[in-house]
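Enquirer: This is query20.txt, which holds compact mmCIF, C-alpha atoms:
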# COMPACT_ATOMS: atom_id res chain seq x y z
CA MET K 1 -38.47 27.59 -53.61
CA LYS K 2 -37.49 24.61 -55.70
CA ARG K 3 -33.81 25.38 -55.13
CA LEU K 4 -34.36 25.77 -51.39
CA GLY K 5 -36.04 22.36 -51.32
CA VAL K 6 -33.03 20.73 -52.96
CA VAL K 7 -30.70 22.35 -50.45
CA CYS K 8 -32.85 21.11 -47.59
CA VAL K 9 -32.83 17.56 -48.98
CA LEU K 10 -29.05 17.65 -49.41
CA ALA K 11 -28.61 18.99 -45.89
CA ALA K 12 -30.77 16.19 -44.55
CA LEU K 13 -28.73 13.60 -46.46
CA CYS K 14 -25.50 15.03 -45.11
CA ALA K 15 -26.87 14.90 -41.59
CA CYS K 16 -27.78 11.24 -42.06
CA THR K 17 -24.28 10.27 -43.24
CA GLU K 18 -22.42 12.35 -40.63
CA GLN K 19 -20.15 10.45 -38.26
CA PRO K 20 -21.46 10.05 -34.70
CA SER K 21 -20.50 12.90 -32.46
CA VAL K 22 -17.43 12.38 -30.30
CA ALA K 23 -19.11 14.25 -27.49
CA PRO K 24 -20.42 11.19 -25.61
CA ARG K 25 -16.91 9.71 -25.30
CA VAL K 26 -15.50 13.04 -24.18
CA GLU K 27 -18.27 13.19 -21.61
CA ARG K 28 -17.39 9.69 -20.40
CA PHE K 29 -13.76 10.77 -20.11
CA ALA K 30 -14.80 13.76 -18.06
CA GLN K 31 -16.62 11.53 -15.60
CA LEU K 32 -13.54 9.41 -14.89
CA PRO K 33 -11.24 10.19 -11.98
CA ASP K 34 -7.86 11.77 -12.55
CA TRP K 35 -5.03 9.49 -11.42
CA SER K 36 -2.45 11.10 -13.66
CA GLY K 37 1.12 11.25 -12.47
CA ILE K 38 3.57 8.69 -11.12
CA TRP K 39 2.86 6.59 -8.08
CA VAL K 40 5.08 4.55 -5.80
CA ALA K 41 4.01 1.88 -3.33
CA ASP K 42 4.08 3.40 0.15
CA GLY K 43 7.16 2.16 2.04
CA LEU K 44 8.84 0.58 -0.96
CA GLU K 45 11.04 3.42 -2.17
CA PRO K 46 14.50 1.82 -2.42
CA GLY K 47 17.74 3.44 -1.30
CA ILE K 48 20.75 3.93 -3.57
CA ASP K 49 21.78 0.34 -2.88
CA GLY K 50 18.59 -0.78 -4.66
CA PHE K 51 17.73 -3.18 -1.84
CA SER K 52 16.86 -1.30 1.34
CA MET K 53 13.22 -0.37 1.90
CA ALA K 54 11.05 0.51 4.87
CA ARG K 55 9.06 -2.73 4.62
CA MET K 56 8.78 -5.96 2.69
CA PRO K 57 6.62 -6.21 -0.41
CA ALA K 58 3.36 -7.91 0.62
CA PHE K 59 3.42 -10.58 -2.05
CA LEU K 60 6.59 -12.35 -0.94
CA VAL K 61 6.06 -16.02 -0.22
CA VAL K 62 7.61 -15.48 3.22
CA ASN K 63 4.99 -12.92 4.25
CA PRO K 64 3.86 -14.36 7.60
CA GLU K 65 0.33 -13.14 6.94
CA ALA K 66 -0.05 -15.35 3.88
CA PRO K 67 -2.44 -18.19 4.81
CA TRP K 68 -0.60 -21.01 3.05
CA ASN K 69 -2.11 -24.42 3.44
CA GLU K 70 -0.11 -27.39 4.72
CA ALA K 71 0.62 -28.79 1.27
CA THR K 72 2.05 -25.48 0.04
CA THR K 73 4.09 -25.01 3.21
CA ALA K 74 5.56 -28.49 2.88
CA LYS K 75 6.35 -27.92 -0.76
CA LEU K 76 7.99 -24.62 0.08
CA GLN K 77 10.08 -26.18 2.86
CA ALA K 78 11.36 -28.80 0.45
CA GLU K 79 12.25 -26.15 -2.10
CA LEU K 80 14.02 -23.99 0.51
CA ALA K 81 16.13 -26.97 1.53
CA LYS K 82 17.58 -27.32 -1.94
CA ASN K 83 17.26 -23.73 -3.18
CA PRO K 84 17.53 -21.40 -0.16
CA GLY K 85 17.35 -18.24 -2.25
CA LEU K 86 14.33 -19.51 -4.20
CA GLN K 87 16.17 -18.35 -7.27
CA VAL K 88 14.76 -18.91 -10.71
CA ALA K 89 16.02 -17.51 -14.01
CA PRO K 90 16.34 -13.73 -13.73
CA ALA K 91 13.03 -12.06 -14.47
CA ALA K 92 12.69 -9.26 -16.99
CA GLY K 93 10.10 -7.57 -14.79
CA TRP K 94 8.19 -8.08 -11.57
CA GLY K 95 5.08 -9.81 -12.86
CA TYR K 96 1.62 -9.82 -11.30
CA PRO K 97 0.72 -9.46 -8.47
CA LEU K 98 4.18 -8.31 -7.28
CA MET K 99 4.11 -5.25 -9.57
CA MET K 100 1.18 -3.90 -7.52
CA ASP K 101 3.34 -3.76 -4.38
CA GLY K 102 6.88 -3.35 -5.61
CA ALA K 103 9.66 -0.80 -5.92
CA PRO K 104 9.14 0.24 -9.56
CA PRO K 105 6.90 3.30 -9.88
CA LEU K 106 3.48 2.85 -11.48
CA GLN K 107 1.32 4.83 -13.82
CA PHE K 108 -2.44 4.46 -14.33
CA LEU K 109 -3.68 5.47 -17.77
CA ILE K 110 -7.46 5.78 -17.55
CA THR K 111 -9.73 5.80 -20.58
CA PRO K 112 -13.45 4.98 -20.85
CA GLU K 113 -12.67 1.61 -22.42
CA GLU K 114 -9.76 0.45 -20.28
CA THR K 115 -7.30 1.40 -17.60
CA VAL K 116 -3.70 0.53 -18.39
CA ILE K 117 -1.40 -0.02 -15.43
CA PHE K 118 2.32 -0.19 -16.06
CA ASN K 119 5.68 0.34 -14.40
CA THR K 120 9.26 1.06 -15.30
CA TYR K 121 10.00 -2.62 -15.93
CA ARG K 122 7.28 -2.82 -18.61
CA ASP K 123 4.98 -4.88 -16.43
CA LEU K 124 1.72 -4.06 -18.20
CA ARG K 125 -1.91 -4.71 -17.36
CA HIS K 126 -4.93 -3.94 -19.53
CA VAL K 127 -7.98 -3.63 -17.31
CA TYR K 128 -10.94 -3.54 -19.69
CA THR K 129 -13.78 -1.40 -18.40
CA ASP K 130 -15.99 -1.55 -21.49
CA GLY K 131 -18.28 -4.18 -20.05
CA ARG K 132 -16.62 -7.22 -21.55
CA ALA K 133 -16.19 -10.43 -19.60
CA HIS K 134 -13.14 -12.69 -19.32
CA PRO K 135 -12.80 -15.06 -22.27
CA PRO K 136 -14.46 -18.40 -21.61
CA ASP K 137 -12.37 -20.94 -19.70
CA GLU K 138 -11.61 -23.00 -22.78
CA ASP K 139 -10.28 -19.94 -24.65
CA ARG K 140 -8.07 -18.68 -21.84
CA TRP K 141 -4.60 -19.64 -20.74
CA ALA K 142 -2.42 -18.51 -17.84
CA THR K 143 0.03 -15.68 -18.47
CA THR K 144 2.44 -13.79 -16.23
CA TRP K 145 0.06 -10.81 -15.95
CA GLY K 146 -3.26 -12.63 -16.27
CA ASP K 147 -6.53 -11.41 -17.78
CA SER K 148 -8.20 -8.41 -16.17
CA VAL K 149 -11.62 -6.82 -16.54
CA GLY K 150 -12.96 -4.01 -14.41
CA ARG K 151 -15.63 -1.45 -13.76
CA TRP K 152 -15.98 1.89 -12.05
CA GLU K 153 -18.10 2.04 -8.91
CA GLY K 154 -18.15 5.80 -8.53
CA ASP K 155 -14.49 6.74 -8.19
CA THR K 156 -13.40 3.23 -7.21
CA LEU K 157 -11.79 1.00 -9.82
CA VAL K 158 -12.86 -2.60 -9.27
CA ILE K 159 -10.65 -5.17 -11.02
CA ASP K 160 -11.14 -8.88 -11.48
CA THR K 161 -8.08 -10.86 -12.58
CA VAL K 162 -7.76 -14.53 -13.47
CA SER K 163 -5.42 -16.83 -15.36
CA VAL K 164 -2.21 -15.63 -13.76
CA ARG K 165 0.59 -18.14 -14.24
CA GLU K 166 2.12 -19.24 -10.93
CA PRO K 167 3.87 -15.96 -9.97
CA ASN K 168 6.88 -17.69 -8.39
CA LYS K 169 7.73 -19.29 -11.72
CA TYR K 170 8.53 -15.79 -12.94
CA PHE K 171 9.97 -14.27 -9.79
CA GLY K 172 11.14 -16.99 -7.40
CA VAL K 173 10.45 -15.32 -4.05
CA VAL K 174 6.89 -14.31 -4.85
CA ALA K 175 3.72 -15.91 -3.50
CA TRP K 176 3.30 -19.57 -4.39
CA LEU K 177 -0.16 -19.15 -5.87
CA SER K 178 -1.63 -21.51 -8.44
CA ASP K 179 -2.90 -20.74 -11.92
CA GLN K 180 -6.40 -21.06 -10.48
CA ALA K 181 -6.02 -18.08 -8.10
CA HIS K 182 -8.68 -15.38 -8.38
CA TYR K 183 -7.60 -11.82 -7.68
CA SER K 184 -9.98 -8.93 -6.87
CA GLU K 185 -8.79 -5.37 -6.41
CA ARG K 186 -10.50 -2.17 -5.34
CA LEU K 187 -8.50 1.04 -5.83
CA ARG K 188 -9.51 4.61 -5.12
CA ARG K 189 -7.68 7.92 -5.05
CA VAL K 190 -8.37 9.05 -1.51
CA SER K 191 -6.51 12.36 -1.72
CA ALA K 192 -4.50 14.37 -4.21
CA ASP K 193 -1.37 12.41 -3.47
CA ARG K 194 -2.61 9.00 -2.36
CA ILE K 195 -4.35 5.96 -3.83
CA GLU K 196 -5.52 3.23 -1.48
CA GLY K 197 -7.25 -0.07 -1.80
CA GLU K 198 -6.95 -3.76 -1.25
CA MET K 199 -6.50 -6.99 -3.10
CA THR K 200 -8.20 -10.22 -2.11
CA ILE K 201 -6.85 -13.50 -3.38
CA GLU K 202 -8.79 -16.74 -3.39
CA ASP K 203 -6.90 -19.90 -4.24
CA PRO K 204 -8.21 -23.12 -2.69
CA ALA K 205 -5.19 -24.94 -4.13
CA THR K 206 -2.68 -23.06 -1.97
CA LEU K 207 -4.52 -20.97 0.66
CA THR K 208 -6.58 -21.93 3.69
CA ARG K 209 -8.72 -18.79 3.37
CA THR K 210 -9.00 -15.56 1.42
CA TRP K 211 -5.79 -13.54 1.60
CA VAL K 212 -6.45 -9.80 1.94
CA ILE K 213 -3.64 -7.37 1.16
CA LYS K 214 -3.85 -3.63 1.70
CA LEU K 215 -2.45 -1.52 -1.11
CA ALA K 216 -1.31 2.10 -0.86
CA TYR K 217 0.48 4.34 -3.31
CA LYS K 218 1.80 7.83 -2.82
CA ARG K 219 2.54 10.34 -5.51
CA ALA K 220 6.20 10.08 -6.48
CA THR K 221 8.30 13.12 -5.72
CA GLY K 222 11.59 12.10 -7.28
CA TRP K 223 10.36 10.71 -10.58
CA ASP K 224 9.13 13.33 -13.02
CA ARG K 225 8.88 10.69 -15.78
CA LEU K 226 8.94 6.93 -16.14
CA ILE K 227 12.34 5.72 -17.28
CA HIS K 228 12.71 2.44 -19.15
CA ASP K 229 15.95 0.67 -19.95
CA SER K 230 17.19 -2.78 -20.87
CA TYR K 231 19.67 -4.80 -18.84
CA ALA K 232 22.51 -3.36 -20.89
CA ASN K 233 25.18 -3.67 -18.19
CA ASP K 234 24.53 -6.76 -16.10
CA ARG K 235 27.79 -7.43 -14.26
CA THR K 236 26.32 -9.98 -11.91
CA GLY K 237 28.16 -13.31 -11.96
CA PHE K 238 27.90 -16.43 -9.82
CA ASP K 239 30.79 -18.33 -8.25
CA GLY K 240 28.78 -21.39 -7.31
CA GLN K 241 28.01 -20.05 -3.84
CA PHE K 242 27.37 -16.33 -4.11
CA TYR K 243 26.64 -13.80 -6.78
CA THR K 244 29.67 -11.70 -7.74
CA ILE K 245 30.42 -8.33 -9.33
CA GLU K 246 32.19 -9.01 -12.59
CA PRO K 247 34.85 -6.53 -13.74
CA PRO K 248 33.72 -3.79 -16.09
CA THR K 249 34.05 -4.53 -19.76
CA ASP K 250 35.45 -1.15 -20.61
CA PRO K 251 38.81 -0.94 -22.38
CA GLU K 252 40.75 0.33 -19.37
CA PRO K 253 42.55 -2.26 -17.27
CA THR K 254 41.21 -3.08 -13.82
CA GLN K 255 42.83 -4.72 -10.82
CA MET D 1 16.32 0.27 6.90
CA LEU D 2 17.11 -3.13 5.54
CA LEU D 3 14.43 -5.71 5.09
CA THR D 4 13.79 -7.85 8.13
CA PRO D 5 10.93 -10.18 9.01
CA ARG D 6 9.93 -7.85 11.78
CA GLY D 7 7.13 -8.88 14.05
CA SER D 8 6.53 -12.13 12.26
CA ARG D 9 7.11 -14.39 15.28
CA ASP D 10 4.90 -12.21 17.43
CA ALA D 11 2.24 -12.27 14.77
CA MET D 12 2.22 -16.07 14.74
CA GLN D 13 2.00 -16.27 18.51
CA ALA D 14 -0.84 -13.77 18.50
CA THR D 15 -2.81 -16.07 16.23
CA GLY D 16 -2.56 -18.88 18.76
CA GLN D 17 0.15 -20.88 17.12
CA LYS D 18 2.46 -22.56 19.61
CA LYS D 19 5.88 -24.18 19.57
CA GLY D 20 5.58 -27.83 18.67
CA ASP D 21 2.82 -27.19 16.24
CA SER D 22 3.95 -28.36 12.81
CA MET D 23 2.54 -25.35 11.03
CA TYR D 24 4.29 -23.09 13.51
CA ARG D 25 7.61 -24.82 12.83
CA ALA D 26 7.03 -24.52 9.13
CA ALA D 27 6.19 -20.87 9.49
CA CYS D 28 9.34 -20.31 11.57
CA LEU D 29 11.39 -21.89 8.84
CA LEU D 30 9.84 -19.56 6.31
CA VAL D 31 10.51 -16.58 8.53
CA ALA D 32 14.12 -17.65 8.98
CA ALA D 33 14.43 -17.72 5.24
CA THR D 34 13.00 -14.26 4.91
CA ALA D 35 16.20 -12.42 5.67
CA LEU D 36 17.94 -14.52 3.07
CA ILE D 37 15.53 -14.12 0.22
CA ALA D 38 13.49 -11.02 0.85
CA GLY D 39 15.95 -8.78 -0.86
CA SER D 40 15.73 -10.84 -4.00
CA ALA D 41 12.41 -9.26 -4.69
CA LEU D 42 13.93 -5.84 -4.80
CA ALA D 43 16.39 -6.31 -7.59
CA HIS D 44 17.34 -8.88 -10.11
CA HIS D 45 19.58 -10.72 -7.68
CA SER D 46 19.77 -11.39 -3.96
CA PRO D 47 21.85 -9.12 -1.67
CA VAL D 48 23.24 -12.13 0.21
CA MET D 49 26.55 -11.63 -1.60
CA PHE D 50 27.05 -8.49 0.53
CA ASP D 51 27.72 -8.58 4.27
CA GLN D 52 25.18 -6.00 5.40
CA THR D 53 26.24 -6.33 9.04
CA LYS D 54 29.47 -4.56 8.15
CA GLN D 55 30.10 -1.07 6.92
CA VAL D 56 33.34 0.00 5.27
CA THR D 57 34.19 3.58 4.39
CA LEU D 58 36.37 4.20 1.36
CA THR D 59 37.74 7.44 -0.03
CA GLY D 60 39.18 7.48 -3.50
CA THR D 61 39.12 8.87 -6.99
CA VAL D 62 36.38 7.97 -9.43
CA ARG D 63 37.68 6.22 -12.54
CA GLU D 64 34.26 5.59 -14.03
CA PHE D 65 30.59 5.97 -13.15
CA GLN D 66 28.39 3.50 -15.02
CA TRP D 67 24.85 4.89 -15.10
CA THR D 68 23.18 1.65 -16.16
CA ASN D 69 20.50 -0.96 -15.61
CA PRO D 70 20.03 -3.36 -13.80
CA HIS D 71 22.69 -1.74 -11.59
CA ALA D 72 24.81 1.38 -11.65
CA TYR D 73 28.48 0.98 -10.74
CA ILE D 74 31.25 3.22 -9.47
CA GLN D 75 34.82 2.21 -10.29
CA LEU D 76 36.76 3.80 -7.45
CA LEU D 77 40.55 3.99 -7.20
CA VAL D 78 41.53 3.65 -3.53
CA LYS D 79 44.99 3.59 -1.99
CA ASN D 80 45.65 0.62 0.28
CA GLU D 81 47.81 0.62 3.42
CA GLN D 82 50.91 0.22 1.31
CA GLY D 83 49.97 3.29 -0.70
CA GLU D 84 49.18 1.23 -3.78
CA GLU D 85 46.15 2.27 -5.80
CA GLN D 86 43.52 -0.45 -6.17
CA GLU D 87 40.30 -0.40 -8.11
CA TRP D 88 37.04 -1.22 -6.32
CA ASN D 89 33.90 -2.46 -8.06
CA LEU D 90 31.03 -0.73 -6.26
CA GLU D 91 27.46 -1.73 -7.05
CA MET D 92 24.40 0.49 -6.68
CA GLY D 93 20.71 0.20 -7.47
CA ALA D 94 19.39 0.64 -11.00
CA SER D 95 19.80 4.08 -12.54
CA LEU D 96 16.03 4.61 -12.45
CA TYR D 97 16.04 4.25 -8.66
CA LEU D 98 19.02 6.59 -8.35
CA TYR D 99 17.15 9.14 -10.48
CA ASN D 100 14.30 9.13 -7.96
CA LEU D 101 16.78 9.97 -5.21
CA GLY D 102 18.16 12.96 -7.06
CA TRP D 103 21.10 11.30 -8.75
CA ARG D 104 21.87 12.04 -12.39
CA PRO D 105 24.50 10.66 -14.80
CA SER D 106 26.54 13.78 -14.08
CA SER D 107 26.38 13.39 -10.29
CA VAL D 108 29.73 11.63 -10.23
CA LYS D 109 32.49 12.25 -12.78
CA PRO D 110 35.87 10.64 -13.47
CA GLY D 111 38.49 12.34 -11.33
CA ASP D 112 36.06 13.26 -8.56
CA THR D 113 37.07 12.55 -4.99
CA LEU D 114 34.38 10.43 -3.40
CA THR D 115 33.77 8.90 0.02
CA VAL D 116 31.44 5.92 0.05
CA THR D 117 30.00 3.76 2.79
CA ILE D 118 29.63 0.22 1.53
CA ALA D 119 28.51 -3.23 2.63
CA PRO D 120 31.52 -5.30 1.52
CA LEU D 121 31.41 -8.49 -0.49
CA ARG D 122 30.87 -11.43 1.86
CA LYS D 123 33.70 -13.37 0.25
CA GLY D 124 36.14 -10.46 0.35
CA GLY D 125 37.80 -8.68 -2.52
CA ASN D 126 37.58 -5.12 -3.73
CA GLY D 127 33.85 -4.80 -4.06
CA GLY D 128 30.71 -3.85 -2.23
CA LEU D 129 27.26 -2.33 -2.22
CA VAL D 130 27.09 1.46 -1.93
CA MET D 131 24.88 2.62 0.93
CA LYS D 132 25.91 6.30 0.95
CA ALA D 133 28.11 8.57 -1.13
CA VAL D 134 29.62 11.90 -0.10
CA GLY D 135 31.33 14.30 -2.48
CA ALA D 136 34.51 16.29 -1.96
CA ASP D 137 32.41 19.13 -0.53
CA GLY D 138 31.32 16.87 2.32
CA LYS D 139 27.70 16.78 1.16
CA GLN D 140 25.73 13.58 0.59
CA ILE D 141 24.92 13.01 -3.07
CA GLY D 142 21.18 12.73 -3.61
CA ARG D 143 18.68 12.19 -0.85
CA SER D 144 17.98 9.19 1.34
CA ALA D 145 14.92 7.07 0.52
CA GLY D 146 11.90 8.35 2.40
CA ALA D 147 13.49 11.74 2.99
CA PRO D 148 11.70 14.77 1.53
CA GLN D 149 12.78 16.05 -1.83
Will you turn the file into C-alpha cells for me?

Expert:
Amino acid sequence: MKRLGVVCVLAALCACTEQPSVAPRVERFAQLPDWSGIWVADGLEPGIDGFSMARMPAFLVVNPEAPWNEATTAKLQAELAKNPGLQVAPAAGWGYPLMMDGAPPLQFLITPEETVIFNTYRDLRHVYTDGRAHPPDEDRWATTWGDSVGRWEGDTLVIDTVSVREPNKYFGVVAWLSDQAHYSERLRRVSADRIEGEMTIEDPATLTRTWVIKLAYKRATGWDRLIHDSYANDRTGFDGQFYTIEPPTDPEPTQ
Amino acid sequence: MLLTPRGSRDAMQATGQKKGDSMYRAACLLVAATALIAGSALAHHSPVMFDQTKQVTLTGTVREFQWTNPHAYIQLLVKNEQGEEQEWNLEMGASLYLYNLGWRPSSVKPGDTLTVTIAPLRKGGNGGLVMKAVGADGKQIGRSAGAPQ
C-alpha cells in the first residue's frame, strides 16, 4: 500500500509538470476555413507577352472609379505633364494594395495566430488574428506593406491595415494614397474555386469619399506551385525616350 | 485583350460630370493617360516601347530561349528579303507567367523552327513583344490567357 501511495504521488507530480495539451490549437486549426492552393485575381491572368489582361488592376491611379479629391487630381496632372509614364525606380514587387489585385498568383496560409498572404514576387503580409491590436501610433511607421491585424467572423477574414507608405512611391502607377489611408478588407471563400470580398479605403487626404473595391480570386489552373526568381536577366534599357531590349549577354555574337 | 480604359468616359458622364467641369477635364486627362501607363502595372516596365497597333509575323530558327525573370526572351534567326540571316530580340512575359500558360524551359529549343506574332519595337529594329508562338507542327505553344487548361 505504501508503495502504491508513492506511485500515485509521483503520477500526480508528473501530471502537474506535463506540458499543456496541443489539442486546443489543433481544434482551433480545424475550425478555420481551408483556402489552400494558389489563387489568381479574376481577369488578371497575363498572356505570354506579360502585359495583356482582360481588365485593368483596380488600384491603378487612373481607375476612373477612384474618388480622388481636387488636390490629388491637380498633383497628378502636374506629375503626368513631366513624367507621362509615372515611372519611378523599378519595384522589386507589387506592394500593397496592388498585390491584392495584380497578376502574380497569391497564396493564403491560414493558422490560428495569423494568416500570411504572399505572391510570387515576395510581397508578404502578416495578418495577425491572435487578438492583438496595431502598435500605438507613436511606435508605428509606414512601410510598403503596412501593418495588418484581423479576425475571423465565421468563415470571413476581416483585415484592418494601416501605415502603408504611399503606394505610388513603390510602384509609380498605383493609387496616390497617403500614409494615413485606412484599409479594410473582407474575404470569404464562396465556393471551392473562388474567393470574393471587398476592400474599402478611407483617406481624407486624397479621397472625397470611401473607395470600395471588389476583390475576386479564382483557383489557378496553370500554376501547380509558386515560383520565385530574382531579376537575373533584366535586358531592359532606356534610350532617353523609350525602353529598349538590350542584346543578350551570352558569348555568341548577335546582330 | 490589351488594357484599355474602357467605359471610363461613359462612367463619368453617368455620374453627372459634364464637359467644362474642371474635375471632368482632369478625369479625362487621367483617362487619356491610362493607355500609356496602365501596362506599367503589369510588368517591371511600360509596354509603350512596343507598337501594339501593329502585328508582324516572323518565321525563323531559334538560336536561344532565355527562360528568365523579369522577362523571357527568344533569340530568333530570321532571313530578310535579301536572304541574309538576322537575329531578332523577342521579349516575353516573366517565366512564371509563361509557366501558368503551359510553357516550360523545354518548350522551345535551339534549332527549332518557330513562327511568332509580335508587336514590333516602336522605334524600329529587330525586336518586339511576342504575342503568339507556333511550332513547326503548326500548333500554338501553350494556351492563351483565360483559355481552359

Enquirer: Using all atoms listed in the file, which residues sit within 9 Å of stretch 141-143 of chain D once same-chain residues fewer than 4 positions away are excluded, as a list in words?

Expert: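 These residues fall inside the cut-off: Gly47 and Ile48 of chain K; Leu98, Tyr99, Asn100, Leu101, Gly102, Trp103, Arg104, Ser107, Val108, Lys132, Ala133, Val134, Gly135, Ala147, Pro148 and Gln149 of chain D.
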
Enquirer: Provide as a PyMOL selection string the residues of chain K at most 7 Å from chain D, counting all atoms listed in the file.

Expert: chain K and resi 45-56+62+64+73+85+90-91+103+173+221-223+227+229-234+242-245+254-255

Enquirer: How would the residues just picked look written out with C-alpha atoms as a PDB file, in the coordinates of the input?

Expert:
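Once written, out_0.pdb looks like this:
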ATOM      1  CA  GLU K  45      11.040   3.420  -2.170  1.00  0.00           C
ATOM      2  CA  PRO K  46      14.500   1.820  -2.420  1.00  0.00           C
ATOM      3  CA  GLY K  47      17.740   3.440  -1.300  1.00  0.00           C
ATOM      4  CA  ILE K  48      20.750   3.930  -3.570  1.00  0.00           C
ATOM      5  CA  ASP K  49      21.780   0.340  -2.880  1.00  0.00           C
ATOM      6  CA  GLY K  50      18.590  -0.780  -4.660  1.00  0.00           C
ATOM      7  CA  PHE K  51      17.730  -3.180  -1.840  1.00  0.00           C
ATOM      8  CA  SER K  52      16.860  -1.300   1.340  1.00  0.00           C
ATOM      9  CA  MET K  53      13.220  -0.370   1.900  1.00  0.00           C
ATOM     10  CA  ALA K  54      11.050   0.510   4.870  1.00  0.00           C
ATOM     11  CA  ARG K  55       9.060  -2.730   4.620  1.00  0.00           C
ATOM     12  CA  MET K  56       8.780  -5.960   2.690  1.00  0.00           C
ATOM     13  CA  VAL K  62       7.610 -15.480   3.220  1.00  0.00           C
ATOM     14  CA  PRO K  64       3.860 -14.360   7.600  1.00  0.00           C
ATOM     15  CA  THR K  73       4.090 -25.010   3.210  1.00  0.00           C
ATOM     16  CA  GLY K  85      17.350 -18.240  -2.250  1.00  0.00           C
ATOM     17  CA  PRO K  90      16.340 -13.730 -13.730  1.00  0.00           C
ATOM     18  CA  ALA K  91      13.030 -12.060 -14.470  1.00  0.00           C
ATOM     19  CA  ALA K 103       9.660  -0.800  -5.920  1.00  0.00           C
ATOM     20  CA  VAL K 173      10.450 -15.320  -4.050  1.00  0.00           C
ATOM     21  CA  THR K 221       8.300  13.120  -5.720  1.00  0.00           C
ATOM     22  CA  GLY K 222      11.590  12.100  -7.280  1.00  0.00           C
ATOM     23  CA  TRP K 223      10.360  10.710 -10.580  1.00  0.00           C
ATOM     24  CA  ILE K 227      12.340   5.720 -17.280  1.00  0.00           C
ATOM     25  CA  ASP K 229      15.950   0.670 -19.950  1.00  0.00           C
ATOM     26  CA  SER K 230      17.190  -2.780 -20.870  1.00  0.00           C
ATOM     27  CA  TYR K 231      19.670  -4.800 -18.840  1.00  0.00           C
ATOM     28  CA  ALA K 232      22.510  -3.360 -20.890  1.00  0.00           C
ATOM     29  CA  ASN K 233      25.180  -3.670 -18.190  1.00  0.00           C
ATOM     30  CA  ASP K 234      24.530  -6.760 -16.100  1.00  0.00           C
ATOM     31  CA  PHE K 242      27.370 -16.330  -4.110  1.00  0.00           C
ATOM     32  CA  TYR K 243      26.640 -13.800  -6.780  1.00  0.00           C
ATOM     33  CA  THR K 244      29.670 -11.700  -7.740  1.00  0.00           C
ATOM     34  CA  ILE K 245      30.420  -8.330  -9.330  1.00  0.00           C
ATOM     35  CA  THR K 254      41.210  -3.080 -13.820  1.00  0.00           C
ATOM     36  CA  GLN K 255      42.830  -4.720 -10.820  1.00  0.00           C
TER      37      GLN K 255
END

Enquirer: Select from stretch 18-117 of chain K every residue with an atom at most 10 Å from any atom of stretch 179-194 of chain K, then for each give the shortest pair of atoms and their distance in Å to one decimal, using all atoms listed in the file, rows by chain and rising number, as a Markdown table.

Expert:
| residue | atom | partner | partner_atom | distance |
| --- | --- | --- | --- | --- |
| K:Pro33 | CA | K:Arg189 | CA | 8.1 |
| K:Asp34 | CA | K:Arg189 | CA | 8.4 |
| K:Trp35 | CA | K:Arg189 | CA | 7.1 |
| K:Gly37 | CA | K:Asp193 | CA | 9.4 |
| K:Ile38 | CA | K:Asp193 | CA | 9.8 |
| K:Trp39 | CA | K:Arg194 | CA | 8.3 |
| K:Val40 | CA | K:Arg194 | CA | 9.5 |
| K:Ala41 | CA | K:Arg194 | CA | 9.8 |
| K:Asp42 | CA | K:Arg194 | CA | 9.1 |
| K:Pro97 | CA | K:Tyr183 | CA | 8.7 |

Enquirer: Atoms to include: C-alpha atoms. Write the selected residues as a PDB file, keeping the file's coordinate frame.

Expert:
ATOM      1  CA  PRO K  33     -11.240  10.190 -11.980  1.00  0.00           C
ATOM      2  CA  ASP K  34      -7.860  11.770 -12.550  1.00  0.00           C
ATOM      3  CA  TRP K  35      -5.030   9.490 -11.420  1.00  0.00           C
ATOM      4  CA  GLY K  37       1.120  11.250 -12.470  1.00  0.00           C
ATOM      5  CA  ILE K  38       3.570   8.690 -11.120  1.00  0.00           C
ATOM      6  CA  TRP K  39       2.860   6.590  -8.080  1.00  0.00           C
ATOM      7  CA  VAL K  40       5.080   4.550  -5.800  1.00  0.00           C
ATOM      8  CA  ALA K  41       4.010   1.880  -3.330  1.00  0.00           C
ATOM      9  CA  ASP K  42       4.080   3.400   0.150  1.00  0.00           C
ATOM     10  CA  PRO K  97       0.720  -9.460  -8.470  1.00  0.00           C
TER      11      PRO K  97
END

Enquirer: With distances taken over all atoms listed in the file, which residue among K:Val149, K:Ile110, K:Leu207, K:Leu76 lies nearest K:Tyr128?

Expert: K:Val149

Enquirer: Could you name the residues that touch stretch 124-126 of chain K at 10 Å or less, counting all atoms listed in the file, but leaving out those on the same chain fewer than 5 positions away, as a PDB file with C-alpha atoms, in the coordinates of the input?

Expert:
ATOM      1  CA  GLY K  93      10.100  -7.570 -14.790  1.00  0.00           C
ATOM      2  CA  GLY K  95       5.080  -9.810 -12.860  1.00  0.00           C
ATOM      3  CA  TYR K  96       1.620  -9.820 -11.300  1.00  0.00           C
ATOM      4  CA  MET K  99       4.110  -5.250  -9.570  1.00  0.00           C
ATOM      5  CA  LEU K 106       3.480   2.850 -11.480  1.00  0.00           C
ATOM      6  CA  GLN K 107       1.320   4.830 -13.820  1.00  0.00           C
ATOM      7  CA  PHE K 108      -2.440   4.460 -14.330  1.00  0.00           C
ATOM      8  CA  LEU K 109      -3.680   5.470 -17.770  1.00  0.00           C
ATOM      9  CA  GLU K 113     -12.670   1.610 -22.420  1.00  0.00           C
ATOM     10  CA  GLU K 114      -9.760   0.450 -20.280  1.00  0.00           C
ATOM     11  CA  THR K 115      -7.300   1.400 -17.600  1.00  0.00           C
ATOM     12  CA  VAL K 116      -3.700   0.530 -18.390  1.00  0.00           C
ATOM     13  CA  ILE K 117      -1.400  -0.020 -15.430  1.00  0.00           C
ATOM     14  CA  PHE K 118       2.320  -0.190 -16.060  1.00  0.00           C
ATOM     15  CA  ASN K 119       5.680   0.340 -14.400  1.00  0.00           C
ATOM     16  CA  THR K 144       2.440 -13.790 -16.230  1.00  0.00           C
ATOM     17  CA  TRP K 145       0.060 -10.810 -15.950  1.00  0.00           C
ATOM     18  CA  GLY K 146      -3.260 -12.630 -16.270  1.00  0.00           C
ATOM     19  CA  ASP K 147      -6.530 -11.410 -17.780  1.00  0.00           C
ATOM     20  CA  SER K 148      -8.200  -8.410 -16.170  1.00  0.00           C
ATOM     21  CA  VAL K 149     -11.620  -6.820 -16.540  1.00  0.00           C
ATOM     22  CA  GLY K 150     -12.960  -4.010 -14.410  1.00  0.00           C
ATOM     23  CA  THR K 161      -8.080 -10.860 -12.580  1.00  0.00           C
TER      24      THR K 161
END
